[in-house]
Structures are given as structure tokens and as C-alpha cells.
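Peer 1: The structure under discussion is supplied below as C-alpha cells; questions concerning it will follow.
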Amino acid sequence: MNEQTVGITLRVNGIRNDVDVPVRMLLSDLLRHELRLTGTHVGCEHGVCGACTVLLDGRPVRSCLLLAGSVDGHDVTTVEGLASADGTMHPVQQAFQDCHGLQCGFCTPGFLTTIAAFLDERPRPTEDEARAAVSGNLCRCTGYQNIVASVLRAAELLGERR
Amino acid sequence: MKPAPFTYHRPRGLAEALATLADVGAHGKVLAGGQSLMPLLSMRLASPEHVVDVNAVPGLDGVEVTRDEVRVGALVRHTDLERHDAACTAIPLLRQALRYVAHPTVRNRGTVVGSVCHADPAAELPAVLALLGGRVVAESTGGRREVAASDLYVGLLETCLRADELATAVVFPVPPGRSRSAVVEVARRGGDYAVCGVAALVRVDDAGGVDDARAAYVSVGDVPPVLDLTEPMRSGGPDAAGAYAVSRLRCEGDIHASAEYRLHLVGVLTARALREATA
Ligand SMILES: Cc1cc2nc3c(=O)[nH]c(=O)nc-3n(C[C@H](O)[C@H](O)[C@H](O)COP(=O)(O)OP(=O)(O)OC[C@H]3O[C@@H](n4cnc5c(N)ncnc54)[C@H](O)[C@@H]3O)c2cc1C
Ligand code: FES
Ligand code: FES
């Protein structure tokens, strides 16, 4: 069978991409296989683990639950888009390093994108709010304590930057 | 590629969407937020020949609040409604229920109308629609009709909507004055589907007595049941209402909970929801 394709335009980390994709291609696969942005990780591929979380027009979404065709005309930010152009880490990335918020790192891209968007809306979260904010992301290594500490540390770093 | 091959349609207007649905008929599936449909496609539990992606249809993303009702368009995401102060002031039950729907990341994409149409008995919004006596606005090339919640749900994951119909909105009626509500549930982890959940709506009179009390249930049976709890609530309070609910409902067991445990939760959570609503 000849695979149907669709032409889409999407901005990824500020860069415009015009691509032809098979209509059944997932956004996660477009990012990883076609655009070679392998920072977005894929775990469960059915919306449960959160590893594939990217920002769609600034809001966290599961890239494994989106058809690439559905994001035509929209803005996507992946974990690669968090750091500054000169390579300075995003405060959330810095906080994960400071607080030992990762071990194997598989889940980390999903946490970083989720937390970056969360802190935009809630710059000074309580510990409970920080914990709730990451409750949709699974981590098999850390036990979450240092991830929650990283959220609070990132909030401090962002506050200092302001 | 995970999903089986399908023909993809991305209509840019309502008329085009309805014409496409009429054309593909029973071989088509509407794609809204995809938070339920995409996992089914990727696991190949569903393999429709046509997928009709309605995300580019303009005019479906509005929330309208009047004195009598809250009307939610087909592309309103859970998060949009949760943050809509006018809607959630008119019907606090909406926000009370939405915070239990999955995690924020899923709520950012999943739609209220999609959840109502998916007809999952483990979902909160079908129970809320049933409790409030709401309705769905369904449109097709043949015209528009409104379907009451009591007629909508016909079985597990099954509504009476036809394949050529698009639900363009759901309408939640504003409960009468002096109504109070609460939603409580038990889930294995925050954000998971409920093992059992209860949404309660109580109307009190001037003296603080109970005028009307009812509850709708999540993860109990194939379609969301609604019980009138006014009598037991008047005669014996929340605990009597809980015992009455246990006597009226039937539960199934699954890997998360036995039927007995789930029915136990029906009683405990009914009382808890009523207590919270009348606190
Ligand atoms: C990890 C995870 C956890 C979740 N936990 C919960 C939970 O705790 N509680 C809960 O309620 N939900 C939960 N969900 C499901 C979520 O709420 C979905 O958003 C919702 O069920 C479906 O809405 P959607 O817009 O994504 O619909 P889609 O997935 O796009 O569609 C679902 C079904 O409805 C049909 N449909 C959608 N829109 C229309 C329309 N306008 N007209 C006609 N038919 C239509 C589709 O054809 C399809 O059959 C969870 C999902 C995930 C991935
Ligand atoms: S890979 Fe998308 S949520 Fe797990
Ligand atoms: S660091 Fe290994 S899964 Fe989270």
C-alpha cells in the first residue's frame, strides 16, 4: 500500500521545519527519527510514563499521543530547546545537576519540559505543589525525592535570575 | 509505525468535517485530543480506515456561560475548562471533577467533549454530565439534534451517537441555587483512573434541611449510574445514604479491586461526598 503523506510546517525550538510525513507518524517519532532530536525519550508510547513530554505552544503534552499531522502550524519545544543558545543550562537543568535529580536519565527530558512549563505558571511552588506537578511522570531510579528537591531549587534559581 | 494504516482527513471547517464524516460513515473515527484514541490506535486495538482530525476546525473552542448553562465546544481542552473561572463559579462541580481527570499534561490536550463521547465508565465527566442532567449537541449533514445524558450512554464505551455525527458541544445545566457539590474518589495513584468515585449534588432549604440529594458513580457498571439519595439522606444522613447506595448498585471485580471492595467504597465514598458537600 502506498503510504499517505501530509505536508506540515512546524516550528521546533524556534526553527521552522517543512516536512512531508506519513499520516500515521507520531510526533515523538517525527522528532526522533526525522528531525534527529533524540533528547525526547519514548518509554510506554501510550501516554502513561511522561518521558516523551514536549511543549506544544508552551503547554506540556505527550508527544507519543499526537499525530505529527495534528501539529501543523504549531510551535514545539523539546528538551534540546531549554538551554540558551550559548549552551548555558536552563535553571531546571542546573537544579537537576545541583540536586542529583537524575540517575540513568531516561525519564529526565520529560521531567525537565514539564517542570519548566510548571514554573512559568507557578514560580514559587510549595513542596506539595512541586510533587503534584511531577506526578504524571514516572522515574524508575530516583525515588522522586531529589526530583522534588530539584523543582524547588529550580524555583530559587529562576527567582535569582529575575 | 505504531498505528495501522488509515486515510487521514484534516477538515478546515465544520461543513467539511460533517461532509467527510458522512462520506466515510462507519469506517471513520473522529480524532479530538487523542488522549484515549491514540493509545488505542498505537496498540492496534482500534484500526479505523479513516481518521477525521477535527483539531483544525475553527469555532469549536468556545466556553459559553449563561445563567442556566455552561456550553463547552468540542475543542475545549480539560485545562481550558478547569481554568475558566466563570464556568467553574457557575458550576463548581466542573473543577471539582476535572482535577481528577488524568494528569495536567493529559488535560492539556484531551477535550471535555471527547471524554464525554468516549463513554468510559471510569471517566469523571460522563458521571458529571449524568448527574447534572446535561446533553450533547450532535451535528451531521442531516442536521442537528440534542441528546440527553440519560439517552447518550448505551453501554461500555458506547454512546447512541451515529458514526456520521460530530458532537460539537456538551451542555452542563447550572444546578438550582443552594446546591452544593463534591467529588471524591479512590485511585491507585493520583491521576490514575478511579477504582471508585462519587460525584454528589445536594440542594438545601432555608433551614439547612435537605431538599434534594443525588450522586453519580465512576467505575461502577458500564454506564454512569445516578441515584436519588434524598430520602435516606433526610432520614439518616450521609451514612444511611451510603448504605442505601450499596443496596442499590452492583460492582464488577477487576485486577485493581474485587467487586466486594469496590462496593464497600461505594458506601464509604457516598457518605464522604455527601458530608463534604454539606459541610
Ligand atoms: C495516562 C492517561 C490517564 C488518563 N486518566 C484519566 C482519568 O483518570 N479520568 C478520565 O476521565 N480520563 C482519563 N484519561 C483520558 C482523557 O480524559 C481523554 O482526554 C478523554 O477520555 C478523551 O478525550 P480526547 O479529546 O482525548 O478524545 P479522543 O481520544 O480524540 O477520542 C476519544 C473517543 O471519542 C470520540 N470523539 C472525540 N471527540 C468527539 C466528538 N467531538 N464527536 C464525536 N466523537 C468524538 C473519538 O472518535 C474516540 O472514539 C487518561 C488518559 C491518559 C493517556
Ligand atoms: S512515551 Fe509518551 S507517555 Fe510514555
Ligand atoms: S533517572 Fe532513571 S528513570 Fe528516572
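Naming works like this for the C-alpha cells: A, B, ... for the chains as they're shown, residue 1 at the start of each chain, ligands 1 onward in shown order.
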Distance cut-off 12 Å, counting only C-alpha atoms - which residues of chain B neighbour chain A? Return them as a ChimeraX atom specification.

Peer 2: /B:1-11,31-44,47-57,77,79-80,99-110,189-193

Peer 1: Can you list, as a VMD selection string, every protein, DNA or RNA residue that comes within 8 Å of Leu263 in chain B when you count only C-alpha atoms, leaving out same-chain residues fewer than 5 positions away?

Peer 2: chain B and resid 246 249 to 251

Peer 1: Could you tell me, as a CSV table (one decimal) with N, CA, C and O atoms, in the first residue's frame, which residues of range 108-243 of chain B DSSP assigns to strand (DSSP E) when given the backbone?

Peer 2:
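out-v3.csv, freshly written:
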```csv
chain,number,residue,atom,x,y,z
B,135,ARG,N,-26.6,17.5,28.3
B,135,ARG,CA,-26.9,17.0,27.0
B,135,ARG,C,-25.7,17.3,26.0
B,135,ARG,O,-24.9,18.1,26.3
B,136,VAL,N,-25.7,16.5,24.9
B,136,VAL,CA,-24.7,16.7,23.9
B,136,VAL,C,-25.4,17.2,22.7
B,136,VAL,O,-26.5,16.8,22.3
B,137,VAL,N,-24.7,18.2,22.0
B,137,VAL,CA,-25.2,18.7,20.7
B,137,VAL,C,-24.5,17.9,19.6
B,137,VAL,O,-23.3,18.0,19.5
B,138,ALA,N,-25.2,17.2,18.8
B,138,ALA,CA,-24.7,16.4,17.8
B,138,ALA,C,-25.1,16.9,16.4
B,138,ALA,O,-26.2,17.2,16.2
B,139,GLU,N,-24.1,17.1,15.5
B,139,GLU,CA,-24.4,17.6,14.2
B,139,GLU,C,-23.9,16.7,13.1
B,139,GLU,O,-22.9,16.0,13.3
B,140,SER,N,-24.7,16.6,12.0
B,140,SER,CA,-24.3,15.9,10.9
B,140,SER,C,-24.9,16.6,9.6
B,140,SER,O,-25.5,17.6,9.8
B,143,GLY,N,-28.4,17.5,9.8
B,143,GLY,CA,-29.0,18.5,10.7
B,143,GLY,C,-28.4,18.3,12.1
B,143,GLY,O,-27.3,17.7,12.3
B,144,ARG,N,-29.1,18.9,13.1
B,144,ARG,CA,-28.5,19.0,14.4
B,144,ARG,C,-29.5,18.4,15.4
B,144,ARG,O,-30.7,18.6,15.2
B,145,ARG,N,-29.1,17.7,16.4
B,145,ARG,CA,-30.0,17.2,17.4
B,145,ARG,C,-29.3,17.3,18.8
B,145,ARG,O,-28.1,17.4,18.9
B,146,GLU,N,-30.1,17.3,19.8
B,146,GLU,CA,-29.5,17.3,21.2
B,146,GLU,C,-29.9,16.0,21.8
B,146,GLU,O,-31.0,15.5,21.7
B,147,VAL,N,-28.9,15.4,22.5
B,147,VAL,CA,-29.1,14.1,23.1
B,147,VAL,C,-28.9,14.2,24.6
B,147,VAL,O,-27.9,14.7,25.1
B,148,ALA,N,-29.9,13.9,25.4
B,148,ALA,CA,-29.8,13.9,26.8
B,148,ALA,C,-28.9,12.9,27.4
B,148,ALA,O,-28.8,11.8,26.8
B,153,TYR,N,-25.7,7.3,26.9
B,153,TYR,CA,-24.8,6.1,27.3
B,153,TYR,C,-25.6,4.8,27.1
B,153,TYR,O,-26.6,4.6,27.8
B,154,VAL,N,-25.2,4.0,26.2
B,154,VAL,CA,-25.9,2.8,26.0
B,154,VAL,C,-25.1,1.5,26.4
B,154,VAL,O,-25.7,0.4,26.5
B,155,GLY,N,-23.8,1.7,26.6
B,155,GLY,CA,-23.0,0.5,27.0
B,155,GLY,C,-21.6,0.9,27.3
B,155,GLY,O,-21.3,2.1,27.2
B,158,GLU,N,-19.7,3.1,24.8
B,158,GLU,CA,-20.7,3.1,23.7
B,158,GLU,C,-21.8,4.2,23.9
B,158,GLU,O,-22.4,4.2,25.0
B,159,THR,N,-21.9,5.1,22.9
B,159,THR,CA,-23.0,6.1,23.0
B,159,THR,C,-23.9,5.9,21.9
B,159,THR,O,-23.7,5.0,21.0
B,166,LEU,N,-20.9,14.5,14.6
B,166,LEU,CA,-19.9,15.1,15.4
B,166,LEU,C,-20.5,15.8,16.6
B,166,LEU,O,-21.5,16.5,16.4
B,167,ALA,N,-20.1,15.5,17.7
B,167,ALA,CA,-20.6,16.2,18.9
B,167,ALA,C,-19.9,17.6,18.9
B,167,ALA,O,-18.7,17.6,19.1
B,168,THR,N,-20.6,18.6,18.7
B,168,THR,CA,-20.0,19.9,18.6
B,168,THR,C,-19.9,20.6,19.9
B,168,THR,O,-19.1,21.5,20.1
B,169,ALA,N,-20.7,20.2,20.9
B,169,ALA,CA,-20.6,20.8,22.2
B,169,ALA,C,-21.3,19.9,23.2
B,169,ALA,O,-22.1,19.0,22.9
B,170,VAL,N,-21.0,20.1,24.5
B,170,VAL,CA,-21.8,19.5,25.6
B,170,VAL,C,-22.3,20.6,26.4
B,170,VAL,O,-21.7,21.7,26.5
B,171,VAL,N,-23.5,20.4,27.0
B,171,VAL,CA,-24.1,21.5,27.7
B,171,VAL,C,-24.4,21.0,29.2
B,171,VAL,O,-25.0,19.9,29.4
B,172,PHE,N,-23.8,21.7,30.1
B,172,PHE,CA,-24.0,21.3,31.5
B,172,PHE,C,-24.9,22.3,32.1
B,172,PHE,O,-24.6,23.5,32.2
B,173,PRO,N,-26.1,21.9,32.6
B,173,PRO,CA,-27.0,22.9,33.2
B,173,PRO,C,-26.5,23.3,34.6
B,173,PRO,O,-25.9,22.5,35.3
B,179,SER,N,-27.4,24.8,45.8
B,179,SER,CA,-26.9,23.5,45.5
B,179,SER,C,-25.4,23.5,45.9
B,179,SER,O,-24.7,24.4,45.7
B,180,ARG,N,-25.0,22.4,46.4
B,180,ARG,CA,-23.6,22.2,46.7
B,180,ARG,C,-23.1,20.9,46.2
B,180,ARG,O,-23.9,19.9,46.1
B,181,SER,N,-21.8,20.8,45.9
B,181,SER,CA,-21.4,19.5,45.3
B,181,SER,C,-20.0,19.1,45.9
B,181,SER,O,-19.3,19.9,46.5
B,182,ALA,N,-19.7,17.9,45.6
B,182,ALA,CA,-18.3,17.4,46.0
B,182,ALA,C,-18.0,16.2,45.1
B,182,ALA,O,-19.0,15.5,44.6
B,183,VAL,N,-16.8,16.0,44.8
B,183,VAL,CA,-16.3,14.8,44.1
B,183,VAL,C,-15.2,14.1,44.9
B,183,VAL,O,-14.3,14.8,45.3
B,184,VAL,N,-15.4,12.8,45.2
B,184,VAL,CA,-14.3,12.1,45.9
B,184,VAL,C,-14.0,10.8,45.2
B,184,VAL,O,-15.0,10.3,44.6
B,185,GLU,N,-12.8,10.4,45.2
B,185,GLU,CA,-12.5,9.1,44.6
B,185,GLU,C,-11.3,8.4,45.2
B,185,GLU,O,-10.5,9.1,45.9
B,186,VAL,N,-11.2,7.1,45.0
B,186,VAL,CA,-10.0,6.4,45.4
B,186,VAL,C,-9.4,5.9,44.1
B,186,VAL,O,-10.0,5.2,43.3
B,187,ALA,N,-8.1,6.2,43.9
B,187,ALA,CA,-7.3,5.7,42.8
B,187,ALA,C,-6.0,5.1,43.3
B,187,ALA,O,-5.6,5.4,44.4
B,194,ALA,N,-10.1,6.1,38.5
B,194,ALA,CA,-10.6,5.8,39.8
B,194,ALA,C,-10.9,4.3,39.9
B,194,ALA,O,-11.5,3.7,39.0
B,195,VAL,N,-10.6,3.7,41.1
B,195,VAL,CA,-11.1,2.4,41.4
B,195,VAL,C,-12.6,2.5,41.7
B,195,VAL,O,-13.4,1.7,41.3
B,196,CYS,N,-13.0,3.7,42.3
B,196,CYS,CA,-14.3,4.0,42.5
B,196,CYS,C,-14.4,5.5,42.8
B,196,CYS,O,-13.5,6.1,43.5
B,197,GLY,N,-15.4,6.2,42.3
B,197,GLY,CA,-15.5,7.6,42.5
B,197,GLY,C,-17.0,8.0,42.6
B,197,GLY,O,-17.9,7.3,42.1
B,198,VAL,N,-17.2,9.1,43.4
B,198,VAL,CA,-18.6,9.6,43.6
B,198,VAL,C,-18.7,11.1,43.4
B,198,VAL,O,-17.8,11.8,44.0
B,199,ALA,N,-19.6,11.5,42.6
B,199,ALA,CA,-19.9,13.0,42.5
B,199,ALA,C,-21.3,13.2,43.1
B,199,ALA,O,-22.2,12.5,42.8
B,200,ALA,N,-21.4,14.1,44.1
B,200,ALA,CA,-22.6,14.3,44.8
B,200,ALA,C,-23.1,15.7,44.6
B,200,ALA,O,-22.3,16.7,44.5
B,201,LEU,N,-24.4,15.9,44.6
B,201,LEU,CA,-25.0,17.2,44.4
B,201,LEU,C,-26.2,17.3,45.4
B,201,LEU,O,-27.1,16.4,45.4
B,202,VAL,N,-26.1,18.2,46.3
B,202,VAL,CA,-27.1,18.4,47.4
B,202,VAL,C,-27.7,19.8,47.3
B,202,VAL,O,-27.0,20.7,47.2
B,203,ARG,N,-29.1,19.8,47.4
B,203,ARG,CA,-29.7,21.1,47.5
B,203,ARG,C,-30.4,21.3,48.9
B,203,ARG,O,-31.1,20.4,49.3
B,204,VAL,N,-30.0,22.4,49.5
B,204,VAL,CA,-30.5,22.5,50.9
B,204,VAL,C,-31.6,23.6,50.9
B,204,VAL,O,-31.7,24.5,50.0
B,210,VAL,N,-32.4,19.0,53.9
B,210,VAL,CA,-32.1,18.5,52.5
B,210,VAL,C,-33.3,18.5,51.6
B,210,VAL,O,-34.3,17.9,51.9
B,211,ASP,N,-33.2,19.3,50.6
B,211,ASP,CA,-34.3,19.4,49.6
B,211,ASP,C,-34.2,18.2,48.6
B,211,ASP,O,-35.1,17.6,48.2
B,212,ASP,N,-32.9,18.0,48.2
B,212,ASP,CA,-32.7,17.0,47.2
B,212,ASP,C,-31.2,16.6,47.3
B,212,ASP,O,-30.3,17.4,47.5
B,213,ALA,N,-31.0,15.3,47.2
B,213,ALA,CA,-29.6,14.8,47.2
B,213,ALA,C,-29.5,13.7,46.2
B,213,ALA,O,-30.3,12.8,46.1
B,214,ARG,N,-28.5,13.8,45.3
B,214,ARG,CA,-28.2,12.7,44.4
B,214,ARG,C,-26.7,12.5,44.1
B,214,ARG,O,-25.9,13.4,44.4
B,215,ALA,N,-26.4,11.4,43.6
B,215,ALA,CA,-25.0,11.1,43.3
B,215,ALA,C,-24.8,10.3,42.1
B,215,ALA,O,-25.7,9.5,41.7
B,216,ALA,N,-23.7,10.5,41.4
B,216,ALA,CA,-23.4,9.7,40.2
B,216,ALA,C,-22.0,9.0,40.5
B,216,ALA,O,-21.2,9.5,41.2
B,217,TYR,N,-21.8,7.9,39.8
B,217,TYR,CA,-20.7,7.0,40.2
B,217,TYR,C,-19.7,6.8,39.0
B,217,TYR,O,-20.1,6.7,37.9
B,218,VAL,N,-18.5,6.7,39.4
B,218,VAL,CA,-17.4,6.4,38.4
B,218,VAL,C,-16.8,5.0,38.7
B,218,VAL,O,-16.6,4.7,39.9
B,226,VAL,N,-26.9,7.0,38.3
B,226,VAL,CA,-27.3,8.2,39.1
B,226,VAL,C,-28.3,7.7,40.1
B,226,VAL,O,-29.3,7.1,39.7
B,227,LEU,N,-28.1,8.0,41.4
B,227,LEU,CA,-29.0,7.6,42.4
B,227,LEU,C,-29.7,8.9,43.1
B,227,LEU,O,-29.0,9.8,43.4
B,228,ASP,N,-31.0,8.8,43.4
B,228,ASP,CA,-31.6,9.8,44.2
B,228,ASP,C,-31.5,9.4,45.6
B,228,ASP,O,-32.0,8.3,46.0
```

Peer 1: Using only C-alpha atoms and all ligand atoms, which residue out of A:Thr108, A:Arg153, A:Arg122, A:Ile115 lies closest to ligand 3?

Peer 2: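 Comparing A:Thr108, A:Arg153, A:Arg122, A:Ile115 against ligand 3, the winner is A:Thr108.
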
Peer 1: As a PyMOL selection string, list the residues of chain A assigned to alpha helix (DSSP H) by DSSP on the backbone atoms of this structure.

Peer 2: chain A and resi 27-29+91-99+108-121+127-133+145-161

Peer 1: Please, which residues in chain A fall within 7 Å of ligand 3 when counting only C-alpha atoms and all ligand atoms, and what is the closest atom pair and distance in Å to one decimal for each, ordered by chain then residue number, as CSV?

Peer 2:
```
residue,atom,partner,partner_atom_place_in_ligand_line,distance
A:Leu102,CA,ligand 3,1 (S),4.3
A:Gln103,CA,ligand 3,1 (S),4.0
A:Cys104,CA,ligand 3,2 (Fe),3.9
A:Gly105,CA,ligand 3,1 (S),4.2
A:Phe106,CA,ligand 3,3 (S),5.0
A:Cys107,CA,ligand 3,4 (Fe),4.4
A:Thr108,CA,ligand 3,4 (Fe),6.0
A:Leu138,CA,ligand 3,3 (S),7.0
A:Cys139,CA,ligand 3,4 (Fe),3.7
A:Arg140,CA,ligand 3,3 (S),4.2
A:Cys141,CA,ligand 3,2 (Fe),4.3
A:Thr142,CA,ligand 3,1 (S),5.7
```

Peer 1: Given the selection you just returned, output its residues as a file containing N, CA and C atoms, formatted as an mmCIF file, in the first residue's frame.

Peer 2:
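Result written to part.cif:
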```cif
data_model
loop_
_atom_site.group_PDB
_atom_site.id
_atom_site.type_symbol
_atom_site.label_atom_id
_atom_site.label_comp_id
_atom_site.auth_asym_id
_atom_site.auth_seq_id
_atom_site.Cartn_x
_atom_site.Cartn_y
_atom_site.Cartn_z
ATOM 1 N N LEU A 102 18.717 13.135 38.752
ATOM 2 C CA LEU A 102 18.619 12.042 37.778
ATOM 3 C C LEU A 102 19.662 10.991 38.068
ATOM 4 N N GLN A 103 19.343 9.773 37.616
ATOM 5 C CA GLN A 103 20.340 8.701 37.683
ATOM 6 C C GLN A 103 20.592 8.195 36.265
ATOM 7 N N CYS A 104 19.731 7.327 35.731
ATOM 8 C CA CYS A 104 20.006 6.856 34.363
ATOM 9 C C CYS A 104 19.671 7.929 33.330
ATOM 10 N N GLY A 105 18.747 8.829 33.666
ATOM 11 C CA GLY A 105 18.440 9.932 32.756
ATOM 12 C C GLY A 105 17.348 9.652 31.742
ATOM 13 N N PHE A 106 16.815 8.439 31.747
ATOM 14 C CA PHE A 106 15.820 8.130 30.709
ATOM 15 C C PHE A 106 14.573 8.995 30.834
ATOM 16 N N CYS A 107 14.133 9.202 32.071
ATOM 17 C CA CYS A 107 12.891 9.945 32.296
ATOM 18 C C CYS A 107 13.104 11.450 32.246
ATOM 19 N N THR A 108 14.374 11.878 32.330
ATOM 20 C CA THR A 108 14.704 13.279 32.608
ATOM 21 C C THR A 108 14.143 14.291 31.601
ATOM 22 N N LEU A 138 6.880 9.214 35.280
ATOM 23 C CA LEU A 138 7.425 8.073 36.017
ATOM 24 C C LEU A 138 8.949 8.084 35.972
ATOM 25 N N CYS A 139 9.560 7.731 37.107
ATOM 26 C CA CYS A 139 11.004 7.557 37.184
ATOM 27 C C CYS A 139 11.258 6.251 37.919
ATOM 28 N N ARG A 140 12.061 5.386 37.320
ATOM 29 C CA ARG A 140 12.310 4.083 37.942
ATOM 30 C C ARG A 140 13.556 4.098 38.816
ATOM 31 N N CYS A 141 14.311 5.200 38.831
ATOM 32 C CA CYS A 141 15.590 5.202 39.551
ATOM 33 C C CYS A 141 15.571 5.993 40.846
ATOM 34 N N THR A 142 15.144 7.243 40.790
ATOM 35 C CA THR A 142 15.498 8.173 41.861
ATOM 36 C C THR A 142 14.665 8.057 43.116
#
```

Peer 1: One decimal, Å: what's the distance from CA of Val113 in chain B over to CA of Leu14 in chain B, could you say?

Peer 2: 15.6 Å
